[in-house]
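**Student:** To start, I am sharing the structure in question, which I have written as structure tokens.
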Amino acid sequence: MAKRTFWDMFSKVVRQVWLTNTFDDGLEETESIKEDINDIQKQVLSMSKTFLKKAWILISWWTVADQANYAIPATVDKITNLQITVSTVLYYPTLISITEFHRLANTWASSDIPIFYTIDKSEIYLYPTPATNSNPIEVNAWQIATDLVTDPAVTTDQTTDLQIKEWYENTIYYYALSEAFNRLEDFASWDRYNIKYEKMFKNYKSEVRNPTDSIVVKAWSTGFINPNYYSTLTN
């Protein structure tokens with residue numbers, strides 16, 4: 001698995017453009033290249049959200065008396081290991097279907113120790129409904145991959161840590177080069193890199209439709225991809 005920071009990717013594109021002696025070493029051109037890299041990142045992340053994921057995170061809430069539902073952060077995908085602490089003792093409610101949960105909820109009960117939980121859209125529901133507040137609820141979860149920042153003036157895009165496959169990296173690289181040469185009106189170079197980009201993008205789409213395994217993308221973000229997406233991801 002290749003590993004490149006945003007700055008590595010940006011520098012690689014700039015070095016190649018410099019070799020043609022057509023690079024305009026100005027703020028406008030460098031920001032345009034950053035925008036190109038971010039644009040293709042957003043495209044490929046949007047296509048592959050079904051098997052892109054970030055690291056495990058720990059989410060915590062406090063129970064609220066007579067409240068069954070607790071909001072899930074927008075970036076969360078697969079949730080496991082839900083636990084609740086009551087008087088220093090850990091309990092592990094069982095995940096059940098929404099249908100079964102509603103059947104139970106019609107027989108109201110209240111307890112400090114929830115036995116079941118379910119996920120409905122962007123919330124976790126506990127049963128029985130907690131009778132007491134301040135019992136810690138904790139879950140481990142995978143985060144879904146998010147869009148990168150698109151403002152080239154934002155400096156965090158230069159330190160974004162990307163752990164990506166070679167075909168994914170090359171898709172970004174050739175796209176950024178083809179866009180750069182198009183702006184510079186070096187159409188011979190544009191054609192060469194555009195052909196490579198289209199080939200890599202075709203391979204990328206094939207991998208998206210038939211993924212062989214999961215890949216990990218870590219990125220700073222100003223927006224989310226499909227925040228209510230909760231299907232199980234490939235480990």
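Convention: chains lettered A, B, ... in structure tokens order; per-chain residue numbering from 1; ligands numbered from 1 as shown.
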Can you tell me which residues surround range 186-189 of chain A at a distance of at most 10 Å, considering only C-alpha atoms, apart from same-chain residues fewer than 4 positions away, and format the answer as a count of residues only?
**Tutor:** 10
**Student:** Give the strand (DSSP E or B) residues of range 18-134 of chain A, as DSSP finds them on the backbone, and put them as a ChimeraX atom specification.
**Tutor:** /A:52-62,69-71,76-86,89-91,94-95,110-111,116-120,123-127,129-130
**Student:** Taking only C-alpha atoms into account, which of A:Ile137, A:Ala71, A:Met200, A:Ile79 comes nearest Asp112 in chain A?
**Tutor:**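 Closest to Asp112 in chain A, using only C-alpha atoms: A:Ile137.
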**Student:** Contacts of Gln67 in chain A at 9 Å or less, counting only C-alpha atoms, minus same-chain residues fewer than 6 places along, as a PDB file with N, CA and C atoms, in the first residue's frame?
**Tutor:**
ATOM      1  N   TYR A 125     -30.759   3.554  20.114  1.00  0.00           N
ATOM      2  CA  TYR A 125     -31.861   3.477  21.064  1.00  0.00           C
ATOM      3  C   TYR A 125     -31.580   2.358  22.069  1.00  0.00           C
ATOM      4  N   LEU A 126     -31.828   2.646  23.344  1.00  0.00           N
ATOM      5  CA  LEU A 126     -31.599   1.680  24.412  1.00  0.00           C
ATOM      6  C   LEU A 126     -32.916   1.188  24.987  1.00  0.00           C
ATOM      7  N   THR A 129     -35.493   1.898  28.748  1.00  0.00           N
ATOM      8  CA  THR A 129     -35.092   3.301  28.783  1.00  0.00           C
ATOM      9  C   THR A 129     -34.382   3.596  30.100  1.00  0.00           C
ATOM     10  N   PRO A 130     -33.205   4.200  30.037  1.00  0.00           N
ATOM     11  CA  PRO A 130     -32.464   4.460  31.277  1.00  0.00           C
ATOM     12  C   PRO A 130     -33.285   5.253  32.296  1.00  0.00           C
ATOM     13  N   ALA A 131     -33.244   4.777  33.529  1.00  0.00           N
ATOM     14  CA  ALA A 131     -33.987   5.450  34.603  1.00  0.00           C
ATOM     15  C   ALA A 131     -33.161   6.537  35.263  1.00  0.00           C
ATOM     16  N   ASN A 133     -29.664   9.295  35.026  1.00  0.00           N
ATOM     17  CA  ASN A 133     -28.690   9.942  34.152  1.00  0.00           C
ATOM     18  C   ASN A 133     -27.269   9.631  34.624  1.00  0.00           C
TER      19      ASN A 133
END
**Student:** At a cut-off of 7 Å, using only C-alpha atoms, what residues contact Ile72 in chain A? Leave out same-chain residues fewer than 5 positions from it and give the result as number ranges by chain.
**Tutor:** A: 122-124
**Student:** Which one of A:Gln41, A:Thr132, A:Thr63, A:Asn69 sits closest to Phe201 in chain A if you count only C-alpha atoms?
**Tutor:** A:Gln41
**Student:** Skip Ala141 in chain A itself and residues of its chain fewer than 5 positions away, then list as a CSV table (one decimal) with N, CA and C atoms, in the first residue's frame all residues within 7 Å of it, counting only C-alpha atoms.
**Tutor:**
chain,number,residue,atom,x,y,z
A,56,TRP,N,-10.5,3.3,14.0
A,56,TRP,CA,-11.5,3.1,15.1
A,56,TRP,C,-11.5,4.3,16.0
A,57,ILE,N,-12.7,4.7,16.4
A,57,ILE,CA,-12.8,5.8,17.4
A,57,ILE,C,-13.7,5.3,18.5
A,58,LEU,N,-13.6,6.0,19.7
A,58,LEU,CA,-14.4,5.7,20.8
A,58,LEU,C,-15.4,6.9,21.0
A,76,VAL,N,-19.8,8.4,11.6
A,76,VAL,CA,-19.7,7.0,12.1
A,76,VAL,C,-20.3,6.1,11.1
A,77,ASP,N,-19.7,4.9,10.9
A,77,ASP,CA,-20.3,3.9,10.1
A,77,ASP,C,-20.5,2.7,10.9
A,78,LYS,N,-19.7,1.7,10.9
A,78,LYS,CA,-19.9,0.4,11.7
A,78,LYS,C,-19.7,0.6,13.2
A,79,ILE,N,-20.7,0.3,14.0
A,79,ILE,CA,-20.6,0.4,15.4
A,79,ILE,C,-20.5,-1.0,16.0
A,80,THR,N,-19.6,-1.2,17.0
A,80,THR,CA,-19.5,-2.5,17.7
A,80,THR,C,-19.2,-2.2,19.2
**Student:** Which value, in Å to one decimal, gives the distance between CA of Thr171 in chain A and CA of Ile40 in chain A?
**Tutor:** 8.1 Å
**Student:** To one decimal in Å, tell me the separation between CA of Lys196 in chain A and CA of Asn21 in chain A.
**Tutor:** 21.0 Å
**Student:** Considering only C-alpha atoms, can you say which of A:Phe116, A:Phe6, A:Phe101, A:Trp108 comes closest to Leu82 in chain A?
**Tutor:**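 The shortest atom-to-atom distance to Leu82 in chain A comes from A:Phe116.
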**Student:** Please report, as a list in words, each residue of range 35-128 of chain A to which DSSP assigns alpha helix (DSSP H) when run on this structure's backbone.
**Tutor:**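 The alpha helix (DSSP H) residues within range 35-128 of chain A come out as Glu35, Asp36, Ile37, Asn38, Asp39, Ile40, Gln41, Lys42, Gln43, Val44, Leu45, Ser46, Met47, Ile98, Thr99, Glu100, Phe101, His102, Arg103, Leu104 and Ala105 of chain A.
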